[in-house]
>>> print(open('query.txt').read())   # compact mmCIF, C-alpha atoms and all ligand atoms
# COMPACT_ATOMS: atom_id res chain seq x y z
CA MET V 383 28.26 33.23 0.25
CA ASP V 384 29.75 33.57 -3.21
CA ASP V 385 26.78 34.80 -5.30
CA THR V 386 28.01 33.17 -8.50
CA LEU V 387 27.31 29.75 -6.97
CA GLU V 388 24.42 27.71 -8.30
CA VAL V 389 21.41 27.56 -5.95
CA PHE V 390 18.65 24.94 -6.09
CA SER V 391 15.13 26.34 -5.75
CA GLY V 392 13.01 23.16 -5.58
CA ASN V 393 10.87 22.29 -2.55
CA PHE V 394 11.90 19.00 -0.91
CA THR V 395 8.49 18.45 0.68
CA GLN V 396 6.27 19.29 -2.32
CA GLN V 397 4.48 16.21 -3.65
CA GLU V 398 2.58 16.00 -6.91
CA PRO V 399 -1.15 16.86 -6.93
CA ILE V 400 -3.74 14.10 -6.61
CA SER V 401 -4.62 12.94 -10.14
CA GLU V 402 -7.92 13.89 -11.79
CA ALA V 403 -9.16 10.32 -11.31
CA GLY V 404 -8.58 10.57 -7.55
CA ILE V 405 -10.21 13.99 -7.32
CA ALA V 406 -13.29 12.78 -9.25
CA ALA V 407 -13.62 9.69 -7.05
CA ALA V 408 -13.24 11.82 -3.91
CA LEU V 409 -15.95 14.23 -5.10
CA ALA V 410 -18.31 11.32 -5.77
CA VAL V 411 -17.85 10.11 -2.17
CA LEU V 412 -18.44 13.63 -0.83
CA GLN V 413 -21.61 13.94 -2.92
CA SER V 414 -22.89 10.59 -1.65
CA GLY V 415 -22.52 11.67 1.98
CA ARG V 416 -21.51 8.07 2.79
CA LEU V 417 -17.98 8.57 4.10
CA HIS V 418 -17.95 5.82 6.73
CA ARG V 419 -16.69 2.53 5.31
CA TYR V 420 -19.72 0.56 6.47
CA ASN V 421 -22.24 3.18 5.29
CA ILE V 422 -23.04 1.59 1.94
CA SER V 423 -26.25 0.96 -0.01
CA PRO V 424 -27.48 -2.63 -0.41
CA GLY V 425 -25.21 -4.51 -2.81
CA GLU V 426 -22.70 -1.63 -2.97
CA ILE V 427 -18.97 -2.29 -2.45
CA GLY V 428 -17.62 0.79 -0.68
CA GLU V 429 -14.38 2.50 -1.69
CA VAL V 430 -12.50 1.08 1.30
CA ALA V 431 -13.50 -2.52 0.56
CA ALA V 432 -12.63 -1.99 -3.11
CA LEU V 433 -9.24 -0.51 -2.18
CA GLU V 434 -8.51 -3.57 -0.04
CA VAL V 435 -9.29 -5.88 -2.96
CA ASP V 436 -7.11 -3.83 -5.33
CA PHE V 437 -4.16 -3.64 -2.91
CA ALA V 438 -4.38 -7.37 -2.12
CA THR V 439 -4.17 -8.00 -5.87
CA PHE V 440 -1.28 -5.54 -6.25
CA THR V 441 0.79 -7.30 -3.57
CA GLY V 442 -0.44 -10.84 -4.29
CA ALA V 443 -1.81 -11.19 -0.75
CA ARG V 444 -4.96 -13.13 0.17
CA TYR V 445 -6.23 -10.49 2.60
CA CYS V 446 -5.96 -6.75 3.05
CA LEU V 447 -7.20 -4.20 5.60
CA ALA V 448 -7.11 -0.42 5.22
CA VAL V 449 -6.62 1.58 8.44
CA ALA V 450 -6.15 5.11 9.75
CA SER V 451 -2.34 5.33 9.59
CA GLY V 452 0.87 3.38 9.11
CA GLY V 453 1.55 3.57 12.82
CA TYR V 454 -1.91 2.16 13.54
CA ALA V 455 -1.17 -0.71 11.12
CA LEU V 456 1.98 -1.60 13.09
CA GLY V 457 0.20 -1.58 16.46
CA CYS V 458 -2.68 -3.60 15.06
CA ALA V 459 -0.29 -6.21 13.64
CA LEU V 460 1.51 -6.54 17.00
CA ARG V 461 -1.80 -6.98 18.83
CA ALA V 462 -2.96 -9.57 16.30
CA LEU V 463 0.15 -11.65 17.06
CA GLY V 464 -0.60 -11.45 20.76
CA VAL V 465 2.10 -8.98 21.80
CA GLY V 466 1.23 -7.47 25.16
CA PRO V 467 2.69 -5.78 28.26
CA GLY V 468 6.20 -6.87 29.17
CA ASP V 469 6.85 -8.73 25.91
CA ARG V 470 10.10 -8.00 24.12
CA VAL V 471 9.92 -7.21 20.41
CA LEU V 472 12.96 -7.08 18.15
CA THR V 473 13.17 -4.14 15.79
CA ASN V 474 15.67 -2.01 13.86
CA ALA V 475 17.74 0.52 15.76
CA PHE V 476 17.59 2.65 12.61
CA THR V 477 13.94 3.37 11.89
CA LEU V 478 11.32 6.08 12.42
CA ALA V 479 9.67 6.84 15.78
CA PRO V 480 6.27 5.17 15.00
CA VAL V 481 8.00 1.76 14.99
CA PRO V 482 9.34 1.70 18.57
CA GLY V 483 6.28 3.80 19.45
CA ALA V 484 3.88 1.06 18.34
CA ILE V 485 5.76 -1.45 20.49
CA ALA V 486 5.96 0.79 23.56
CA ALA V 487 2.29 1.78 23.25
CA LEU V 488 1.37 -1.84 24.01
CA GLY V 489 3.49 -1.84 27.14
CA ALA V 490 5.97 -4.04 25.27
CA GLU V 491 9.70 -3.41 25.08
CA PRO V 492 11.62 -2.69 21.86
CA VAL V 493 14.94 -4.55 21.60
CA PHE V 494 17.01 -2.79 18.96
CA VAL V 495 19.12 -4.57 16.34
CA GLU V 496 22.14 -2.78 14.87
CA VAL V 497 22.24 -1.28 11.37
CA THR V 498 25.02 -1.95 8.85
CA GLU V 499 26.89 0.56 6.66
CA ASP V 500 24.51 -0.50 3.87
CA LEU V 501 21.63 0.79 6.05
CA VAL V 502 19.98 -2.59 6.58
CA ILE V 503 19.41 -4.61 9.73
CA ASP V 504 22.63 -6.33 10.87
CA LEU V 505 21.81 -10.01 10.33
CA ASP V 506 24.59 -11.23 12.64
CA ASP V 507 23.30 -9.08 15.48
CA LEU V 508 19.78 -10.27 14.63
CA ALA V 509 20.84 -13.94 14.71
CA ASP V 510 22.37 -13.31 18.12
CA LYS V 511 19.41 -11.42 19.60
CA ALA V 512 16.86 -13.75 17.98
CA THR V 513 17.94 -16.41 20.44
CA SER V 514 19.06 -14.26 23.40
CA ALA V 515 16.42 -11.52 23.63
CA GLY V 516 13.42 -13.70 24.48
CA ALA V 517 11.31 -12.08 21.72
CA LYS V 518 8.68 -13.90 19.65
CA VAL V 519 8.19 -11.13 17.10
CA LEU V 520 10.52 -9.14 14.86
CA MET V 521 9.13 -5.87 13.59
CA LEU V 522 11.37 -5.39 10.59
CA SER V 523 11.52 -1.84 9.26
CA HIS V 524 12.75 -1.41 5.70
CA MET V 525 13.95 2.04 6.68
CA ARG V 526 14.51 4.45 3.77
CA GLY V 527 13.73 1.68 1.31
CA HIS V 528 16.80 -0.51 1.86
CA LEU V 529 15.97 -4.23 1.81
CA CYS V 530 18.30 -6.62 3.62
CA ASP V 531 18.98 -10.16 2.36
CA MET V 532 15.42 -11.30 2.96
CA ASP V 533 16.25 -14.95 2.32
CA ARG V 534 18.78 -15.02 5.12
CA LEU V 535 16.56 -12.93 7.40
CA MET V 536 13.66 -15.34 7.01
CA GLU V 537 15.98 -18.30 7.68
CA ILE V 538 17.15 -16.68 10.91
CA ALA V 539 13.57 -15.90 11.92
CA GLU V 540 12.31 -19.39 11.17
CA ALA V 541 15.19 -21.04 13.00
CA ALA V 542 14.47 -18.92 16.08
CA GLY V 543 10.66 -19.22 15.86
CA LEU V 544 10.25 -15.47 15.31
CA GLN V 545 7.19 -14.10 13.54
CA VAL V 546 8.07 -11.23 11.20
CA ILE V 547 5.98 -8.09 10.71
CA GLU V 548 7.32 -5.96 7.85
CA ASP V 549 7.15 -2.17 8.09
CA CYS V 550 6.97 -1.22 4.41
CA ALA V 551 6.40 2.52 4.85
CA HIS V 552 9.32 3.16 2.45
CA THR V 553 9.08 0.02 0.32
CA MET V 554 5.60 -0.01 -1.18
CA GLY V 555 6.34 -1.29 -4.70
CA ALA V 556 9.78 -2.69 -3.80
CA ALA V 557 10.79 -6.37 -3.93
CA TRP V 558 13.53 -8.84 -2.97
CA ARG V 559 14.23 -11.41 -5.71
CA GLY V 560 10.80 -10.67 -7.15
CA THR V 561 8.82 -11.14 -3.92
CA PRO V 562 7.17 -7.85 -2.93
CA SER V 563 8.23 -6.24 0.29
CA GLY V 564 5.49 -7.00 2.82
CA ARG V 565 5.06 -10.56 1.52
CA HIS V 566 8.00 -12.24 3.25
CA GLY V 567 6.75 -12.07 6.83
CA ILE V 568 3.36 -13.01 8.25
CA ILE V 569 2.04 -9.42 8.06
CA GLY V 570 3.06 -6.45 5.88
CA CYS V 571 2.23 -2.86 6.93
CA TYR V 572 2.24 0.24 4.70
CA SER V 573 1.64 3.95 5.21
CA THR V 574 -0.24 6.22 2.81
CA GLN V 575 0.78 9.37 4.63
CA THR V 576 1.70 12.29 2.33
CA TYR V 577 5.45 11.62 2.29
CA LYS V 578 5.17 7.95 1.29
CA HIS V 579 4.52 6.27 -2.08
CA MET V 580 0.76 6.81 -2.14
CA ASN V 581 -0.79 9.93 -0.66
CA SER V 582 -4.06 10.19 1.24
CA GLY V 583 -2.78 12.63 3.86
CA GLU V 584 -2.93 9.89 6.49
CA GLY V 585 -3.66 6.21 6.07
CA GLY V 586 -2.34 2.67 6.33
CA LEU V 587 -2.69 -0.71 4.62
CA ILE V 588 -2.08 -4.19 6.02
CA VAL V 589 -1.68 -7.40 4.02
CA SER V 590 -1.48 -11.02 5.18
CA ASP V 591 -2.21 -14.56 4.06
CA ASP V 592 -2.92 -15.63 7.64
CA PRO V 593 -6.70 -15.89 8.19
CA VAL V 594 -6.65 -15.68 11.99
CA ALA V 595 -4.25 -12.73 12.13
CA MET V 596 -6.29 -10.88 9.50
CA ALA V 597 -9.64 -11.62 11.18
CA ARG V 598 -8.20 -10.31 14.44
CA MET V 599 -6.93 -7.13 12.73
CA ILE V 600 -10.28 -6.50 11.06
CA LEU V 601 -12.02 -6.86 14.44
CA LEU V 602 -9.40 -4.73 16.19
CA SER V 603 -9.74 -1.95 13.60
CA GLY V 604 -13.35 -1.40 14.67
CA SER V 605 -15.48 -3.54 12.34
CA TYR V 606 -18.20 -3.98 14.99
CA MET V 607 -20.23 -6.95 13.68
CA LEU V 608 -20.06 -5.69 10.10
CA PHE V 609 -17.01 -7.66 8.99
CA ASP V 610 -19.11 -9.34 6.28
CA ARG V 611 -18.93 -6.03 4.37
CA HIS V 612 -15.23 -6.65 3.74
CA ARG V 613 -14.14 -8.33 0.49
CA ALA V 614 -10.39 -9.13 0.86
CA THR V 615 -11.26 -11.00 4.03
CA PRO V 616 -11.12 -14.49 5.56
CA PRO V 617 -14.43 -16.41 5.55
CA PRO V 618 -17.04 -15.65 8.28
CA GLU V 619 -16.33 -18.82 10.24
CA VAL V 620 -12.82 -17.54 11.08
CA PHE V 621 -14.44 -14.62 12.92
CA GLU V 622 -16.72 -16.86 14.99
CA GLY V 623 -14.13 -17.85 17.56
CA LEU V 624 -12.71 -14.32 17.75
CA LYS V 625 -15.51 -11.78 17.57
CA TYR V 626 -16.43 -11.71 21.28
CA ASN V 627 -12.83 -11.75 22.50
CA THR V 628 -11.10 -9.18 20.33
CA PRO V 629 -11.20 -5.61 21.66
CA ASN V 630 -12.26 -2.74 19.43
CA VAL V 631 -9.36 -0.31 18.95
CA SER V 632 -11.00 1.90 16.31
CA GLY V 633 -8.66 2.88 13.50
CA ARG V 634 -10.67 2.43 10.31
CA MET V 635 -10.02 4.09 6.98
CA ASP V 636 -12.89 6.10 5.45
CA ASN V 637 -14.30 6.06 1.92
CA LEU V 638 -12.90 9.51 1.08
CA ARG V 639 -9.27 8.51 1.59
CA ALA V 640 -9.81 5.17 -0.10
CA ALA V 641 -11.27 6.95 -3.13
CA ILE V 642 -8.17 9.16 -3.32
CA LEU V 643 -5.90 6.11 -3.03
CA ARG V 644 -7.51 3.63 -5.39
CA PRO V 645 -6.35 5.22 -8.68
CA GLN V 646 -2.85 5.61 -7.19
CA ILE V 647 -2.27 1.84 -7.25
CA ALA V 648 -2.36 1.85 -11.05
CA GLU V 649 -0.20 5.00 -11.12
CA LEU V 650 2.48 3.48 -8.87
CA PRO V 651 4.63 1.61 -11.45
CA GLU V 652 5.09 4.75 -13.54
CA LYS V 653 5.94 6.77 -10.41
CA ILE V 654 8.45 4.15 -9.29
CA ALA V 655 10.20 4.42 -12.67
CA ARG V 656 10.49 8.21 -12.20
CA TRP V 657 11.74 7.86 -8.60
CA THR V 658 14.37 5.39 -9.73
CA ALA V 659 15.51 7.76 -12.49
CA LEU V 660 15.88 10.61 -9.95
CA TYR V 661 17.81 8.33 -7.61
CA ARG V 662 20.14 7.10 -10.33
CA ALA V 663 20.81 10.67 -11.53
CA LEU V 664 21.81 11.71 -8.02
CA GLU V 665 23.88 8.58 -7.50
CA ALA V 666 25.74 9.14 -10.80
CA GLY V 667 26.47 12.76 -9.85
CA LEU V 668 28.03 11.66 -6.54
CA SER V 669 29.92 8.59 -7.74
CA ALA V 670 33.29 10.39 -7.88
CA THR V 671 32.94 12.62 -4.81
CA PRO V 672 35.96 11.96 -2.59
CA GLY V 673 35.19 10.67 0.91
CA LEU V 674 31.49 10.26 0.22
CA ARG V 675 30.06 6.75 0.36
CA VAL V 676 27.00 6.02 -1.76
CA ILE V 677 24.94 3.08 -0.48
CA PRO V 678 25.34 0.00 -2.75
CA ARG V 679 22.07 -1.44 -4.07
CA PRO V 680 22.08 -5.24 -4.32
CA GLN V 681 21.12 -6.94 -7.60
CA GLU V 682 18.33 -8.87 -5.84
CA GLU V 683 16.65 -5.67 -4.69
CA THR V 684 13.99 -3.79 -6.67
CA PHE V 685 13.88 -0.47 -4.86
CA VAL V 686 11.86 2.74 -4.97
CA GLY V 687 14.20 5.74 -4.92
CA SER V 688 11.92 8.14 -3.06
CA SER V 689 14.80 9.28 -0.84
CA PHE V 690 18.59 9.21 -1.04
CA GLN V 691 21.18 8.50 1.66
CA PHE V 692 24.95 8.75 1.74
CA LEU V 693 27.69 8.39 4.36
CA LEU V 694 30.55 10.68 5.25
CA PRO V 695 32.55 8.13 7.22
CA GLY V 696 34.85 9.56 9.86
CA TRP V 697 33.64 13.17 9.54
CA ALA V 698 33.48 14.98 12.88
CA ALA V 699 30.20 16.60 13.94
CA PRO V 700 31.25 20.26 13.38
CA ARG V 701 32.36 19.48 9.84
CA ILE V 702 29.03 17.78 9.03
CA LEU V 703 27.06 20.63 10.61
CA SER V 704 28.92 23.13 8.49
CA LEU V 705 28.32 21.07 5.33
CA VAL V 706 24.58 20.89 6.16
CA ALA V 707 24.52 24.70 6.63
CA ARG V 708 26.38 25.37 3.37
CA CYS V 709 24.12 23.06 1.40
CA ALA V 710 21.03 24.65 2.99
CA ALA V 711 22.29 28.08 1.89
CA ARG V 712 22.33 26.70 -1.66
CA GLY V 713 18.80 25.27 -1.38
CA VAL V 714 19.74 21.63 -0.68
CA GLU V 715 18.03 20.32 2.47
CA LEU V 716 19.96 17.51 4.13
CA LYS V 717 18.86 15.59 7.17
CA TRP V 718 21.69 14.44 9.43
CA PHE V 719 20.93 11.42 11.62
CA GLY V 720 23.81 12.13 13.97
CA ALA V 721 22.39 15.36 15.43
CA GLU V 722 22.15 15.51 19.23
CA GLU V 723 18.72 17.12 19.29
CA PRO V 724 15.94 15.37 17.35
CA VAL V 725 14.70 17.56 14.50
CA ALA V 726 11.29 16.92 12.88
CA PHE V 727 10.90 13.18 12.07
CA THR V 728 13.03 11.42 14.70
CA SER V 729 15.05 8.36 13.79
CA ARG V 730 17.68 8.03 16.52
CA HIS V 731 17.27 5.53 19.32
CA GLN V 732 18.55 8.02 21.92
CA SER V 733 15.43 10.16 21.32
CA TRP V 734 13.08 7.28 22.23
CA ARG V 735 13.39 7.38 26.00
CA TYR V 736 10.19 5.38 26.50
CA ALA V 737 12.33 2.38 25.51
CA PRO V 738 15.12 1.16 27.79
CA ALA V 739 18.49 2.68 26.80
CA GLN V 740 20.56 0.24 24.73
CA HIS V 741 24.18 -0.04 23.73
CA LEU V 742 24.36 0.15 19.92
CA PRO V 743 27.89 1.20 19.01
CA ARG V 744 27.72 0.17 15.34
CA THR V 745 24.45 2.02 14.80
CA ASP V 746 25.78 5.14 16.52
CA HIS V 747 28.87 5.00 14.31
CA VAL V 748 26.81 4.71 11.10
CA LEU V 749 24.29 7.39 12.07
CA ALA V 750 27.09 9.81 12.98
CA GLY V 751 28.01 10.02 9.29
CA LEU V 752 24.60 9.49 7.68
CA LEU V 753 22.87 12.12 5.55
CA ASP V 754 19.53 11.90 3.87
CA LEU V 755 17.42 13.81 1.40
CA ARG V 756 13.94 13.43 0.00
CA LEU V 757 13.29 13.09 -3.72
CA PRO V 758 9.69 14.21 -4.38
CA LEU V 759 8.31 13.55 -7.85
CA THR V 760 7.94 17.28 -8.43
CA PHE V 761 11.71 17.13 -9.12
CA CYS V 762 13.01 16.18 -12.57
CA GLU V 763 16.29 14.45 -13.47
CA ALA V 764 17.94 17.82 -14.14
CA ASP V 765 17.01 18.82 -10.56
CA ALA V 766 18.64 15.65 -9.23
CA ALA V 767 21.77 16.46 -11.26
CA THR V 768 21.78 20.02 -9.83
CA ILE V 769 21.48 18.70 -6.27
CA ALA V 770 24.35 16.28 -6.93
CA ARG V 771 26.54 19.09 -8.35
CA ILE V 772 25.96 21.27 -5.29
CA LEU V 773 26.65 18.39 -2.89
CA ASP V 774 29.77 17.37 -4.78
CA GLN V 775 31.16 20.93 -4.73
CA GLU V 776 30.41 21.46 -1.04
CA VAL V 777 31.85 18.10 0.07
CA ARG V 778 35.03 18.83 -1.91
CA ARG V 779 35.53 22.23 -0.33
CA MET V 780 35.02 21.09 3.28
C1 LIG J 1 5.99 6.95 8.03
C2 LIG J 1 6.51 5.75 8.65
C3 LIG J 1 5.68 4.85 9.37
C4 LIG J 1 4.21 5.06 9.59
O1 LIG J 1 3.87 6.33 9.80
P1 LIG J 1 2.45 7.04 9.84
O2 LIG J 1 2.85 8.46 9.86
O3 LIG J 1 1.80 6.57 11.09
O4 LIG J 1 1.65 6.64 8.63
C5 LIG J 1 6.27 3.70 9.86
N1 LIG J 1 7.56 3.44 9.68
C6 LIG J 1 8.39 4.25 8.99
C7 LIG J 1 9.81 3.86 8.79
C8 LIG J 1 7.89 5.44 8.48
O5 LIG J 1 8.70 6.27 7.82
>>> encode(input="query.txt", output="structure tokens", more="lines below")
Ligand SMILES: *Cc1c(COP(=O)(O)O)cnc(C)c1O
Amino acid sequence: MDDTLEVFSGNFTQQEPISEAGIAAALAVLQSGRLHRYNISPGEIGEVAALEVDFATFTGARYCLAVASGGYALGCALRALGVGPGDRVLTNAFTLAPVPGAIAALGAEPVFVEVTEDLVIDLDDLADKATSAGAKVLMLSHMRGHLCDMDRLMEIAEAAGLQVIEDCAHTMGAAWRGTPSGRHGIIGCYSTQTYKHMNSGEGGLIVSDDPVAMARMILLSGSYMLFDRHRATPPPEVFEGLKYNTPNVSGRMDNLRAAILRPQIAELPEKIARWTALYRALEAGLSATPGLRVIPRPQEETFVGSSFQFLLPGWAAPRILSLVARCAARGVELKWFGAEEPVAFTSRHQSWRYAPAQHLPRTDHVLAGLLDLRLPLTFCEADAATIARILDQEVRRM
């Protein structure tokens, strides 16, 4: 490589430290010895119950439940809606493995819906499969933070009698025409895993306004007969008809993680502003790159720019592989969704062989030219501009 070329030295997987407020709250939980969510003194509201109240307020939801992971949240939501063995569940062909995994883990069958060039669910394909697939539930994944036209999606779902679970792993803090992501469907699921918008290592949050679905999820998560210790919860009578019939599938959150998360809710708006600035800096730096398609962001969408995607339409695999290698040599880590072999976090339907193989020509075409990079908040706008300069130069020389 030409050693006069600029090289980026940032780390694409390095998040910011937990804030002092989170560290202090975590230490207080450790000193108390009461890490289990139901291990509280009389009259005390534990960290998990308090987190649920705060996150319900943040999203405007009536009820909230904190759980062990985002993937657990998805499985719990499916169970609460009665999905079981043999049922077909519609979901995005372009998503991350825990989404089809949650469906398959119940013995249910994912039916994939195509993705568009704007990286959202193809609403025409959805309208078609909503009536033909025999599914009662759509698990909608807002993959990489791109929101589809949620008004039209909800119309399609309502017309077909589909219940919508939203996977908001990449859209915590995002909105469509002012309504937060996670608040359009019956249940919204979030992840607080390290690479998402709040970081507790592992963790998940579920919101809903539906009392029966939420009571079921609280019971499923392993509340034993202690559900009265929840605060963002339906009233006790809702549990009466459910508590002997809902299996325990333990997946609770603990007070330590909740303590780390609680201050992060208040920190989120400021972080979203920084993510958006990074995203816009990268987008501006790539706006004139020939042959590279930046994903348009609709006016109605409030997004969180925690990652960046672009398309190289029509590029053959060897050319993309060589671009990825050249960028890597200059410190810019790109993920290519068209690779034959799944690398790290898998997002290609062909790698999910626990689901029946499906014919998804439009998705395959989009993924063949799709590249992705993370934008951790340890980067500054100058870093985003450097990344854009390197990408622009390498795309032009290919
Ligand atoms: C991260 C992620 C999840 C949930 O993942 P966990 O690792 O189980 O918290 C779900 N969907 C998408 C699209 C994700 O990226």
>>> residues_near_ligand(input="query.txt", ligand="ligand LIG 1 (chain J)", cutoff="7 Å", atoms="all atoms listed in the file", output="CSV table (one decimal) with C-alpha atoms, in the coordinates of the input")
chain,number,residue,atom,x,y,z
V,451,SER,CA,-2.3,5.3,9.6
V,452,GLY,CA,0.9,3.4,9.1
V,453,GLY,CA,1.6,3.6,12.8
V,454,TYR,CA,-1.9,2.2,13.5
V,477,THR,CA,13.9,3.4,11.9
V,478,LEU,CA,11.3,6.1,12.4
V,480,PRO,CA,6.3,5.2,15.0
V,481,VAL,CA,8.0,1.8,15.0
V,523,SER,CA,11.5,-1.8,9.3
V,524,HIS,CA,12.8,-1.4,5.7
V,525,MET,CA,14.0,2.0,6.7
V,526,ARG,CA,14.5,4.4,3.8
V,549,ASP,CA,7.2,-2.2,8.1
V,551,ALA,CA,6.4,2.5,4.8
V,552,HIS,CA,9.3,3.2,2.4
V,573,SER,CA,1.6,4.0,5.2
V,574,THR,CA,-0.2,6.2,2.8
V,575,GLN,CA,0.8,9.4,4.6
V,578,LYS,CA,5.2,8.0,1.3
V,584,GLU,CA,-2.9,9.9,6.5
V,585,GLY,CA,-3.7,6.2,6.1
V,586,GLY,CA,-2.3,2.7,6.3
>>> residues_around(input="query.txt", residues="Val594 (chain V)", least_positions_apart="6", cutoff="9 Å", atoms="all atoms listed in the file", output="list in words")
Ala462, Pro616, Val620, Phe621 and Leu624 of chain V
>>> closest_residue(input="query.txt", among="V:Ala670, V:Ala614, V:Ala541, V:Leu752", to="Gly696 (chain V)", atoms="only C-alpha atoms")
V:Leu752
>>> residues_near_point(input="query.txt", point="(12.7, 8.1, 25.1)", cutoff="12 Å", atoms="all atoms listed in the file", output="ChimeraX atom specification")
/V:479,482-483,486,491-492,724,728-740
>>> residues_near_point(input="query.txt", point="(28.6, 18.9, 10.5)", cutoff="12 Å", atoms="only C-alpha atoms", output="VMD selection string")
chain V and resid 694 to 709 716 to 722 750 to 753 776 to 777 780
>>> axis_aligned_box(input="query.txt", around="region 571-583 of chain V", padding_each_side="8 Å", output="JSON")
{"center_x": 0.7, "center_y": 4.9, "center_z": 2.4, "size_x": 25.5, "size_y": 31.5, "size_z": 25.1}
